[in-house]
>>> print(open('work06.txt').read())   # compact mmCIF, C-alpha atoms
# COMPACT_ATOMS: atom_id res chain seq x y z
CA MET H 1 45.22 -62.01 -18.37
CA GLU H 2 47.08 -59.89 -15.81
CA ILE H 3 43.79 -58.37 -14.63
CA LEU H 4 42.17 -61.80 -14.29
CA ILE H 5 45.06 -63.07 -12.18
CA THR H 6 44.85 -59.97 -9.97
CA ILE H 7 41.10 -60.48 -9.51
CA PHE H 8 41.72 -64.14 -8.68
CA TYR H 9 44.17 -63.30 -5.90
CA PHE H 10 41.81 -60.64 -4.57
CA ILE H 11 38.95 -63.15 -4.34
CA ILE H 12 41.20 -65.73 -2.65
CA THR H 13 42.53 -63.18 -0.15
CA ILE H 14 39.18 -61.65 0.77
CA GLY H 15 37.50 -65.05 0.70
CA ILE H 16 39.90 -66.47 3.30
CA LEU H 17 39.74 -63.44 5.59
CA VAL H 18 35.97 -63.11 5.45
CA PHE H 19 35.43 -66.85 5.90
CA VAL H 20 37.64 -66.93 8.99
CA HIS H 21 35.99 -63.83 10.47
CA GLU H 22 32.43 -65.02 9.92
CA LEU H 23 33.35 -68.54 11.05
CA GLY H 24 34.23 -67.05 14.42
CA HIS H 25 30.75 -65.53 14.81
CA PHE H 26 29.16 -68.73 13.50
CA LEU H 27 30.98 -71.14 15.82
CA ALA H 28 30.43 -68.96 18.88
CA ALA H 29 26.72 -68.62 18.10
CA LYS H 30 26.37 -72.36 17.57
CA TYR H 31 28.26 -73.09 20.78
CA PHE H 32 25.77 -71.00 22.76
CA LYS H 33 22.90 -72.68 20.88
CA MET H 34 21.80 -69.63 18.91
CA ARG H 35 20.09 -70.19 15.59
CA VAL H 36 22.10 -69.02 12.57
CA ASP H 37 19.87 -68.26 9.59
CA THR H 38 22.55 -67.31 7.06
CA PHE H 39 26.29 -67.79 6.60
CA SER H 40 27.29 -65.72 3.58
CA ILE H 41 30.60 -64.94 1.89
CA GLY H 42 29.95 -61.64 0.14
CA PHE H 43 27.02 -59.26 0.51
CA PRO H 44 23.59 -59.69 -1.12
CA PRO H 45 22.19 -60.36 -3.59
CA ARG H 46 22.66 -64.10 -3.05
CA ALA H 47 24.42 -65.88 -5.92
CA PHE H 48 24.19 -69.55 -4.95
CA GLY H 49 24.35 -71.83 -1.94
CA LYS H 50 22.65 -74.59 -0.05
CA LYS H 51 20.48 -74.71 3.03
CA ILE H 52 21.58 -77.31 5.51
CA GLY H 53 19.38 -77.62 8.56
CA GLU H 54 18.40 -74.14 9.72
CA THR H 55 21.28 -72.32 8.00
CA ASP H 56 21.60 -71.05 4.43
CA TYR H 57 25.28 -71.39 3.45
CA CYS H 58 25.78 -69.18 0.42
CA ILE H 59 28.00 -67.06 -1.78
CA SER H 60 26.72 -63.57 -2.56
CA TRP H 61 27.57 -61.30 -5.46
CA ILE H 62 29.32 -58.36 -3.75
CA PRO H 63 32.80 -59.72 -2.77
CA ILE H 64 33.85 -57.11 -0.21
CA GLY H 65 32.73 -58.78 3.00
CA GLY H 66 30.32 -61.27 4.45
CA TYR H 67 27.87 -61.78 7.25
CA VAL H 68 26.35 -64.28 9.64
CA LYS H 69 22.68 -63.64 10.34
CA ILE H 70 21.88 -64.71 13.88
CA ALA H 71 18.23 -65.03 14.90
CA GLY H 72 17.04 -62.28 17.23
CA MET H 73 19.81 -59.81 16.47
CA ILE H 74 19.52 -56.42 14.78
CA ASP H 75 22.41 -56.50 12.34
CA GLU H 76 23.30 -55.25 8.86
CA SER H 77 20.23 -56.94 7.41
CA LEU H 78 18.07 -54.60 9.55
CA ASP H 79 15.57 -57.44 9.93
CA THR H 80 13.00 -56.37 12.55
CA GLU H 81 10.41 -59.12 12.09
CA HIS H 82 11.41 -60.81 15.36
CA LEU H 83 10.71 -57.65 17.39
CA ASN H 84 6.97 -58.24 17.28
CA LYS H 85 7.32 -61.65 18.97
CA GLU H 86 8.41 -62.91 22.34
CA PRO H 87 12.14 -63.86 22.50
CA LYS H 88 12.77 -67.51 21.74
CA PRO H 89 15.43 -69.53 23.64
CA TRP H 90 17.56 -69.85 20.48
CA GLU H 91 17.63 -66.12 19.76
CA PHE H 92 20.59 -63.81 20.33
CA ARG H 93 18.51 -61.39 22.42
CA SER H 94 17.51 -64.11 24.90
CA LYS H 95 21.10 -65.03 25.80
CA PRO H 96 23.18 -63.54 28.67
CA LYS H 97 25.20 -60.42 27.87
CA TRP H 98 28.53 -62.22 28.31
CA GLN H 99 27.53 -64.79 25.67
CA GLN H 100 26.44 -62.03 23.31
CA ALA H 101 29.78 -60.28 23.84
CA ILE H 102 31.72 -63.43 22.97
CA VAL H 103 29.68 -63.95 19.79
CA LEU H 104 30.26 -60.34 18.73
CA SER H 105 34.01 -60.54 19.46
CA ALA H 106 34.58 -63.98 17.96
CA GLY H 107 35.16 -62.74 14.40
CA VAL H 108 37.89 -60.34 15.50
CA LEU H 109 39.49 -63.02 17.69
CA MET H 110 39.50 -65.49 14.78
CA ASN H 111 41.27 -62.96 12.53
CA LEU H 112 43.92 -62.34 15.19
CA LEU H 113 44.27 -66.09 15.70
CA LEU H 114 44.75 -66.55 11.95
CA ALA H 115 47.55 -63.95 12.00
CA ILE H 116 49.26 -65.68 14.92
CA VAL H 117 49.05 -69.07 13.19
CA ILE H 118 50.52 -67.63 9.98
CA PHE H 119 53.36 -65.86 11.82
CA TRP H 120 53.96 -69.01 13.85
CA GLY H 121 54.17 -71.15 10.71
CA ILE H 122 56.43 -68.73 8.83
CA ILE H 123 58.85 -68.32 11.73
CA TYR H 124 58.98 -72.08 12.34
CA TYR H 125 59.46 -72.84 8.65
CA GLN H 126 62.14 -70.30 7.73
CA GLY H 127 63.25 -68.74 10.98
CA LYS H 128 63.60 -65.00 11.40
CA THR H 129 66.17 -63.07 9.39
CA VAL H 130 67.85 -60.38 11.48
CA ARG H 131 70.21 -57.56 10.46
CA PRO H 132 72.51 -57.44 13.52
CA THR H 133 73.60 -53.86 13.11
CA THR H 134 72.51 -50.70 14.90
CA GLU H 135 74.88 -48.38 13.04
CA ILE H 136 73.40 -45.60 10.91
CA GLY H 137 74.70 -45.65 7.35
CA PHE H 138 72.70 -42.75 5.94
CA VAL H 139 70.62 -39.83 7.26
CA THR H 140 68.14 -38.21 4.88
CA LYS H 141 68.52 -34.44 4.66
CA GLU H 142 65.73 -32.42 6.30
CA SER H 143 64.27 -35.60 7.82
CA SER H 144 63.17 -35.94 11.45
CA ALA H 145 66.36 -37.87 12.16
CA ALA H 146 68.54 -35.14 10.64
CA LYS H 147 66.71 -32.40 12.55
CA ALA H 148 67.16 -34.37 15.77
CA GLY H 149 70.92 -34.45 15.20
CA LEU H 150 71.50 -38.09 14.27
CA ARG H 151 74.61 -38.66 12.14
CA VAL H 152 76.12 -41.31 9.91
CA GLY H 153 78.18 -43.65 12.09
CA ASP H 154 75.98 -43.29 15.19
CA LYS H 155 75.15 -46.59 16.86
CA ILE H 156 71.72 -46.72 18.47
CA LEU H 157 72.00 -48.49 21.82
CA ALA H 158 68.53 -48.02 23.31
CA ILE H 159 65.13 -46.45 22.63
CA ASN H 160 63.24 -45.26 25.72
CA ASN H 161 65.64 -47.33 27.84
CA LYS H 162 64.87 -50.51 25.88
CA GLN H 163 68.08 -52.14 24.70
CA ILE H 164 68.44 -52.42 20.93
CA LYS H 165 70.12 -55.45 19.39
CA ASN H 166 69.43 -55.11 15.66
CA TRP H 167 68.08 -52.79 12.96
CA ASP H 168 64.69 -54.49 12.80
CA GLU H 169 64.07 -53.51 16.43
CA ILE H 170 65.01 -49.91 15.61
CA GLU H 171 62.45 -49.71 12.81
CA SER H 172 59.61 -51.13 14.92
CA PHE H 173 60.48 -49.46 18.23
CA ILE H 174 60.65 -45.95 16.75
CA TYR H 175 56.99 -46.16 15.71
CA THR H 176 55.57 -48.33 18.49
CA GLU H 177 57.23 -46.24 21.19
CA SER H 178 56.02 -43.00 19.61
CA VAL H 179 52.33 -43.91 19.45
CA ALA H 180 51.63 -41.64 22.42
CA ASN H 181 55.06 -40.75 23.79
CA ASP H 182 58.19 -38.82 22.95
CA ILE H 183 61.22 -41.03 22.35
CA THR H 184 64.73 -40.86 23.71
CA LEU H 185 67.54 -42.49 21.74
CA ARG H 186 70.77 -43.45 23.45
CA VAL H 187 73.49 -43.46 20.81
CA GLU H 188 77.20 -44.11 20.73
CA ARG H 189 79.22 -41.50 18.80
CA PHE H 190 83.01 -41.62 18.62
CA GLY H 191 83.08 -43.95 21.62
CA LYS H 192 80.89 -41.70 23.81
CA GLU H 193 77.23 -42.14 24.68
CA ASN H 194 74.71 -39.37 24.00
CA GLU H 195 70.98 -39.04 24.52
CA ILE H 196 68.79 -37.56 21.77
CA ARG H 197 65.19 -36.69 22.62
CA ILE H 198 62.62 -36.51 19.83
CA LEU H 199 59.06 -35.25 20.29
CA ARG H 200 56.27 -37.58 19.28
CA SER H 201 54.93 -34.86 16.98
CA ASP H 202 58.22 -34.93 15.06
CA ILE H 203 57.92 -38.63 14.16
CA PRO H 204 56.50 -38.85 10.62
CA ASP H 205 53.70 -41.12 9.48
CA PHE H 206 55.44 -44.35 8.48
CA THR H 207 53.08 -44.88 5.52
CA GLU H 208 54.24 -41.65 3.86
CA GLU H 209 57.90 -41.23 4.71
CA ARG H 210 60.48 -42.88 6.86
CA PHE H 211 62.06 -41.46 9.97
CA GLY H 212 65.14 -40.70 7.89
CA ILE H 213 67.82 -43.24 8.80
CA LEU H 214 69.09 -46.34 7.01
CA PRO H 215 71.54 -48.98 8.24
CA THR H 216 75.01 -49.48 6.89
CA GLY H 217 75.32 -51.92 4.02
CA LEU H 218 72.29 -51.09 1.84
CA ALA H 219 73.43 -51.40 -1.78
CA ALA H 220 71.66 -49.55 -4.61
CA VAL H 221 70.45 -52.06 -7.22
CA VAL H 222 69.05 -50.89 -10.55
CA SER H 223 65.49 -52.13 -11.01
CA THR H 224 64.54 -50.34 -14.27
CA VAL H 225 66.32 -48.20 -16.85
CA GLU H 226 64.44 -45.56 -18.86
CA LYS H 227 65.10 -45.73 -22.60
CA GLY H 228 67.05 -42.84 -24.05
CA LYS H 229 68.12 -41.51 -20.64
CA PRO H 230 71.80 -41.12 -19.60
CA ALA H 231 71.86 -44.47 -17.78
CA ASP H 232 70.54 -46.26 -20.86
CA LYS H 233 73.17 -44.60 -23.07
CA ILE H 234 76.08 -45.90 -20.96
CA GLY H 235 74.65 -49.43 -20.83
CA LEU H 236 73.29 -49.73 -17.29
CA GLN H 237 70.97 -52.72 -16.94
CA SER H 238 68.40 -54.01 -14.46
CA GLY H 239 70.19 -55.93 -11.71
CA ASP H 240 73.39 -53.85 -11.80
CA THR H 241 74.64 -52.67 -8.41
CA ILE H 242 75.89 -49.07 -8.32
CA ASN H 243 79.28 -49.03 -6.59
CA THR H 244 80.96 -45.59 -6.67
CA ILE H 245 80.55 -42.05 -7.99
CA ASN H 246 83.77 -40.15 -8.64
CA GLY H 247 85.61 -42.73 -6.56
CA THR H 248 83.34 -42.38 -3.51
CA LYS H 249 81.46 -45.45 -2.31
CA VAL H 250 77.70 -44.94 -2.58
CA TRP H 251 74.81 -46.73 -0.89
CA PHE H 252 71.09 -46.84 -1.51
CA GLY H 253 70.42 -43.83 0.69
CA SER H 254 73.18 -41.60 -0.68
CA LEU H 255 73.10 -42.37 -4.42
CA GLN H 256 70.15 -40.21 -5.48
CA GLU H 257 71.33 -37.31 -3.35
CA ILE H 258 74.83 -37.36 -4.87
CA VAL H 259 73.42 -37.56 -8.42
CA ARG H 260 71.15 -34.57 -7.72
CA GLU H 261 74.09 -32.57 -6.39
CA ASN H 262 75.87 -33.20 -9.71
CA ALA H 263 72.99 -32.19 -12.01
CA GLY H 264 74.42 -31.21 -15.39
CA LYS H 265 77.96 -32.23 -14.38
CA GLU H 266 79.87 -35.19 -15.79
CA ILE H 267 80.54 -37.89 -13.18
CA LEU H 268 82.41 -41.20 -13.21
CA LEU H 269 80.02 -44.00 -12.34
CA THR H 270 81.09 -47.55 -11.51
CA TRP H 271 78.79 -50.53 -11.11
CA ILE H 272 79.00 -54.28 -10.58
CA ARG H 273 77.40 -56.81 -12.92
CA GLY H 274 77.88 -60.35 -11.74
CA GLU H 275 81.56 -60.48 -10.76
CA GLU H 276 82.66 -57.76 -13.17
CA GLU H 277 83.08 -54.08 -12.29
CA MET H 278 82.21 -51.64 -15.06
CA GLU H 279 82.56 -47.86 -15.36
CA ALA H 280 81.52 -44.97 -17.59
CA LEU H 281 81.24 -41.20 -17.63
CA VAL H 282 77.65 -39.97 -17.40
CA THR H 283 76.01 -36.53 -17.12
CA PRO H 284 72.84 -36.31 -15.00
CA THR H 285 69.99 -34.23 -16.42
CA SER H 286 69.31 -30.71 -15.21
CA GLU H 287 66.78 -32.26 -12.80
CA GLY H 288 69.53 -34.42 -11.29
CA ARG H 289 68.45 -37.78 -12.76
CA ILE H 290 70.14 -40.42 -14.89
CA GLY H 291 66.96 -42.37 -15.64
CA ILE H 292 66.93 -45.31 -13.26
CA SER H 293 64.73 -46.62 -10.46
CA LEU H 294 66.30 -48.48 -7.56
CA ASP H 295 65.76 -51.51 -5.40
CA VAL H 296 67.62 -52.02 -2.17
CA ALA H 297 69.82 -54.99 -1.33
CA TYR H 298 71.15 -55.39 2.18
CA THR H 299 74.80 -56.45 2.00
CA GLY H 300 75.66 -56.15 5.68
CA PRO H 301 75.81 -58.96 8.24
CA VAL H 302 72.78 -61.22 8.46
CA PHE H 303 71.90 -64.17 10.63
CA VAL H 304 68.80 -66.33 10.82
CA GLU H 305 67.27 -67.13 14.18
CA GLN H 306 65.89 -70.67 14.07
CA TYR H 307 62.94 -71.67 16.23
CA GLY H 308 61.54 -74.97 17.36
CA PHE H 309 57.84 -75.68 16.83
CA LEU H 310 56.77 -74.46 20.28
CA GLU H 311 59.39 -71.67 20.40
CA ALA H 312 57.95 -70.17 17.22
CA LEU H 313 54.56 -69.55 18.89
CA PRO H 314 55.62 -66.75 21.28
CA ALA H 315 57.69 -65.27 18.44
CA GLY H 316 54.53 -65.23 16.30
CA ILE H 317 52.61 -63.53 19.11
CA ARG H 318 55.36 -60.88 19.31
CA GLU H 319 54.96 -60.23 15.58
CA LEU H 320 51.22 -59.77 16.15
CA LYS H 321 51.94 -57.30 18.98
CA ILE H 322 54.40 -55.25 16.90
CA THR H 323 52.11 -55.14 13.86
CA THR H 324 49.12 -54.19 16.00
CA GLU H 325 51.05 -51.34 17.62
CA LEU H 326 52.12 -50.03 14.21
CA PHE H 327 48.54 -50.17 12.95
CA ILE H 328 47.30 -48.29 16.02
CA SER H 329 50.09 -45.74 15.57
CA ASN H 330 49.02 -45.09 11.98
CA LEU H 331 45.34 -44.90 12.94
CA TYR H 332 46.15 -42.41 15.70
CA GLN H 333 48.10 -40.21 13.29
CA ILE H 334 45.18 -40.28 10.82
CA VAL H 335 42.77 -39.20 13.57
CA VAL H 336 44.97 -36.29 14.71
CA GLY H 337 45.47 -35.22 11.10
CA LYS H 338 49.19 -35.96 10.88
CA ALA H 339 48.81 -38.79 8.38
CA SER H 340 47.07 -38.55 5.02
CA LEU H 341 43.89 -40.63 4.89
CA SER H 342 44.13 -41.06 1.11
CA LYS H 343 47.68 -42.42 1.39
CA SER H 344 47.03 -44.56 4.45
CA VAL H 345 43.98 -46.55 3.35
CA GLY H 346 43.43 -48.95 0.51
CA GLY H 347 40.34 -50.55 -0.95
CA PRO H 348 39.66 -53.56 -3.18
CA VAL H 349 41.94 -52.40 -6.01
CA LYS H 350 44.89 -51.80 -3.69
CA ILE H 351 44.33 -55.08 -1.88
CA ALA H 352 44.17 -56.93 -5.20
CA GLN H 353 47.44 -55.33 -6.36
CA LEU H 354 49.25 -56.14 -3.12
CA ALA H 355 47.83 -59.66 -3.02
CA LYS H 356 49.12 -60.40 -6.52
CA ARG H 357 52.49 -58.77 -5.83
CA SER H 358 52.98 -60.79 -2.66
CA ALA H 359 51.86 -64.01 -4.37
CA ASP H 360 54.32 -63.37 -7.21
CA SER H 361 57.08 -63.14 -4.58
CA GLY H 362 56.25 -66.57 -3.18
CA ILE H 363 53.81 -68.39 -0.94
CA ILE H 364 55.55 -67.21 2.25
CA GLN H 365 55.21 -63.54 1.22
CA PHE H 366 51.55 -64.11 0.32
CA PHE H 367 50.77 -65.62 3.71
CA GLY H 368 52.65 -62.78 5.39
CA PHE H 369 50.48 -60.26 3.54
CA LEU H 370 47.40 -62.27 4.51
CA ALA H 371 48.41 -62.06 8.19
CA LEU H 372 48.85 -58.28 8.01
CA LEU H 373 45.49 -57.85 6.30
CA SER H 374 43.83 -60.14 8.85
CA ILE H 375 45.11 -57.94 11.68
CA SER H 376 43.85 -54.82 9.89
CA LEU H 377 40.42 -56.39 9.42
CA ALA H 378 40.26 -57.38 13.08
CA LEU H 379 41.23 -53.96 14.41
CA LEU H 380 38.94 -52.08 12.02
CA ASN H 381 36.00 -54.28 13.00
CA ILE H 382 36.52 -53.67 16.71
CA LEU H 383 36.28 -49.90 16.29
CA PRO H 384 33.21 -48.49 18.10
CA PHE H 385 31.45 -47.60 14.89
CA PRO H 386 27.82 -48.45 14.00
CA ALA H 387 27.42 -51.59 11.84
CA LEU H 388 30.85 -52.90 12.89
CA ASP H 389 31.41 -55.48 15.63
CA GLY H 390 32.71 -52.70 17.88
CA GLY H 391 29.49 -50.75 17.38
CA HIS H 392 27.41 -53.73 18.50
CA LEU H 393 29.66 -54.09 21.55
CA VAL H 394 29.03 -50.43 22.46
CA PHE H 395 25.27 -51.11 22.52
CA LEU H 396 25.90 -54.22 24.60
CA GLY H 397 28.14 -52.38 27.05
CA PHE H 398 25.56 -49.64 27.50
CA GLU H 399 22.85 -52.21 28.20
CA ALA H 400 25.04 -54.13 30.65
CA ILE H 401 26.04 -50.99 32.60
CA PHE H 402 22.63 -49.30 32.75
CA ARG H 403 20.65 -52.57 32.83
CA ARG H 404 18.22 -51.38 30.20
CA GLU H 405 17.79 -52.19 26.54
CA VAL H 406 18.59 -49.63 23.88
CA PRO H 407 15.26 -49.08 22.07
CA SER H 408 15.12 -51.04 18.82
CA LYS H 409 14.18 -47.95 16.82
CA ILE H 410 17.32 -46.18 18.00
CA LYS H 411 19.44 -49.22 17.16
CA ILE H 412 17.99 -49.37 13.65
CA VAL H 413 18.50 -45.65 12.98
CA ILE H 414 22.10 -45.79 14.20
CA GLN H 415 22.74 -48.97 12.20
CA GLN H 416 21.31 -47.35 9.06
CA ALA H 417 23.48 -44.26 9.56
CA GLY H 418 26.52 -46.47 10.10
CA ILE H 419 25.86 -48.48 6.95
CA ILE H 420 25.47 -45.30 4.90
CA LEU H 421 28.73 -43.89 6.28
CA LEU H 422 30.52 -47.17 5.58
CA LEU H 423 29.24 -47.16 2.00
CA VAL H 424 30.44 -43.57 1.58
CA PHE H 425 33.83 -44.54 2.99
CA MET H 426 34.00 -47.55 0.70
CA ALA H 427 33.20 -45.33 -2.28
CA PHE H 428 36.03 -43.02 -1.21
CA VAL H 429 38.63 -45.79 -0.92
CA ILE H 430 37.59 -47.31 -4.26
CA TYR H 431 37.83 -43.89 -5.91
CA ASN H 432 41.20 -43.37 -4.20
CA ASP H 433 42.36 -46.77 -5.50
CA VAL H 434 41.27 -46.01 -9.05
CA ILE H 435 42.95 -42.59 -9.32
CA ASN H 436 46.17 -44.06 -7.90
CA PHE H 437 46.01 -47.24 -9.99
>>> encode(input="work06.txt", output="C-alpha cells")
Amino acid sequence: MEILITIFYFIITIGILVFVHELGHFLAAKYFKMRVDTFSIGFPPRAFGKKIGETDYCISWIPIGGYVKIAGMIDESLDTEHLNKEPKPWEFRSKPKWQQAIVLSAGVLMNLLLAIVIFWGIIYYQGKTVRPTTEIGFVTKESSAAKAGLRVGDKILAINNKQIKNWDEIESFIYTESVANDITLRVERFGKENEIRILRSDIPDFTEERFGILPTGLAAVVSTVEKGKPADKIGLQSGDTINTINGTKVWFGSLQEIVRENAGKEILLTWIRGEEEMEALVTPTSEGRIGISLDVAYTGPVFVEQYGFLEALPAGIRELKITTELFISNLYQIVVGKASLSKSVGGPVKIAQLAKRSADSGIIQFFGFLALLSISLALLNILPFPALDGGHLVFLGFEAIFRREVPSKIKIVIQQAGIILLLVFMAFVIYNDVINF
C-alpha cells in the first residue's frame, strides 16, 4: 500500500509539472497560429487520448516527461517528413525567429510562473516564519566555519556588505553570495566588530554538508530509539527533548559531539517529556552512540511576517530568486567537481519519495516541494543541451546571428546524440535512486 501511495504522489507531481511545461509551449504555438499535432503527458507509446481538431491530446505510457509536437519543427520525435515539402504558413519553420524563441521558452517560463504563484499563495496564506537571530549557537568541528575562525556567540551582521537581519538570510546568503565570489562576514564578538574572509572554494556543497554553523536555540528532539541500545534501556522515547549532559545544557549541534567525547564513560542525561524533566545514567557505546536519531526543534524567538495579497507577490518572486541562485550554485559546484553528482541529483524514485514525504507533512509542504521541483525543471530545460529547450534555442540563436539555417541532417544527428545522452543520464539517476533507496 505504501508503494502505491508513493507512486500516486509521483504521478500527481510529475503530471502537474509536465502539464504546465507543455501547456506553455502549446499556448504559445497556438497564439502564433502554429499547428500542434500532439499534446502528450508522458512519452510514447501512446496509452489513450482523443483527437480534437488538429491536435491529439493523449496520455502516454512512460511517465517521466511529455511533449508537444509542433508542425514543421525537428524535435524529440525526429519527424523529418515535412522537410521534403515547402514550408506551410502554420509550420514552426515558417514563423519569425522571435516567435520561435518565445514558443521554445514558453515551457520554462510557465514552470517559473507556477513556482511564483505557489510561493505567492503560501506566503499570503500563512505568512513567512522568520528566526530573528544572527547569533551562532554551535560551530561544527573541522567545518569551513570552524576553519575560518567563527565561534559560538558570534553575531553575523553582514555578508559581503549586505545587512543581515535573521538566520534565514544567513543560510541563503552564504550560498548565493558564494556562487562565483569569496564572501566576507562582518561579525560582532565581545562587543567588537571583526571581518572574516572565506574563499569561495572553501564553501562546501550545500547538498552534502552544511557550512558548519547553527543558530542558538536548536533543541535536540529524539525521533527514533534503537531497541536494545543504551537509550532504550534508560527509557528514552520518540519526542523526548534532550536537555543536559552532566549538568551542561546541550543543543542539537552539540549533543552528538559530547556523547562521542564520552564514549565508554557513564554520563548523566536529562530530558524533557511533556512538562516533566527526567534523568538517568547512561554509558555510550565504544563508538560514542546511545542509539538514537534526532530531529531539530527551534526554540528561539520566532515571528511571522504577514503579507497582504499584493504584498505577497514580490515576496514570492524573491523566493524564486533565492531558490534559483541556490540551484545555480549547486550546478556550478557539480560542473567544477566540488559537488558529488550522485548525491546532488535525483530521479523518479527520489522524486516519488520526496513527494510522498512532503504530502504527508501537509498540503502547504507538498506545494512548496512542487514549486522547488518546478524551478529545477525549468532551469534544467533551459540548459544548452541537445533535445532540451535550451538546445533548440542554441540552434535558433546560431541561425539568427549568421542568418543561415543549420542543415537538417546536422540537427537530427545532434538531436539523436542528445537523446541518447539523456537516456544514459536517466539510467544513471534511476540506478542511483535504486541503490540509495
>>> closest_residue(input="work06.txt", among="H:Asp182, H:Glu22, H:Glu169, H:Glu188", to="Arg151 (chain H)", atoms="all atoms listed in the file")
H:Glu188
>>> closest_atom_pairs(input="work06.txt", of="region 99-190 of chain H", to="region 374-383 of chain H", cutoff="7 Å", atoms="all atoms listed in the file", output="tab-separated table")
residue	atom	partner	partner_atom	distance
H:Val108	CA	H:Ala378	CA	4.5
H:Asn111	CA	H:Ser374	CA	5.3
H:Leu112	CA	H:Ile375	CA	5.8
H:Ala115	CA	H:Ser374	CA	6.2
>>> atom_distance(input="work06.txt", atom1="CA of Leu422 (chain H)", atom2="CA of Tyr9 (chain H)")
24.0 Å
>>> residues_around(input="work06.txt", residues="Asp232 (chain H)", least_positions_apart="3", cutoff="12 Å", atoms="all atoms listed in the file", output="list in words")
Val222, Thr224, Val225, Glu226, Lys227, Gly228, Lys229, Gly235, Leu236, Gln237, Ser238, Ala280, Val282, Thr283, Pro284, Arg289, Ile290, Gly291, Ile292 and Ser293 of chain H
>>> atom_distance(input="work06.txt", atom1="CA of Ile317 (chain H)", atom2="CA of Val18 (chain H)")
21.5 Å
>>> atom_distance(input="work06.txt", atom1="CA of Ile245 (chain H)", atom2="CA of Leu268 (chain H)")
5.6 Å
>>> residues_around(input="work06.txt", residues="Thr248 (chain H)", least_positions_apart="5", cutoff="12 Å", atoms="only C-alpha atoms", output="VMD selection string")
chain H and resid 242 to 243 254 to 255 258 267 to 270
>>> residues_around(input="work06.txt", residues="Gly153 (chain H)", least_positions_apart="4", cutoff="10 Å", atoms="all atoms listed in the file", output="list in words")
Thr134, Glu135, Ile136, Gly137, Phe138, Val139, Val187, Glu188, Arg189, Phe190, Pro215 and Thr216 of chain H
>>> residues_near_point(input="work06.txt", point="(70.8, -60.1, 15.8)", cutoff="10 Å", atoms="all atoms listed in the file", output="number ranges by chain")
H: 128-134, 164-169, 301-305
>>> closest_residue(input="work06.txt", among="H:Gln365, H:Asn246, H:Ser286, H:Thr38", to="Gly264 (chain H)", atoms="only C-alpha atoms")
H:Ser286
>>> closest_residue(input="work06.txt", among="H:Gly362, H:Pro45, H:Gly149, H:Gly316", to="Phe119 (chain H)", atoms="only C-alpha atoms")
H:Gly316
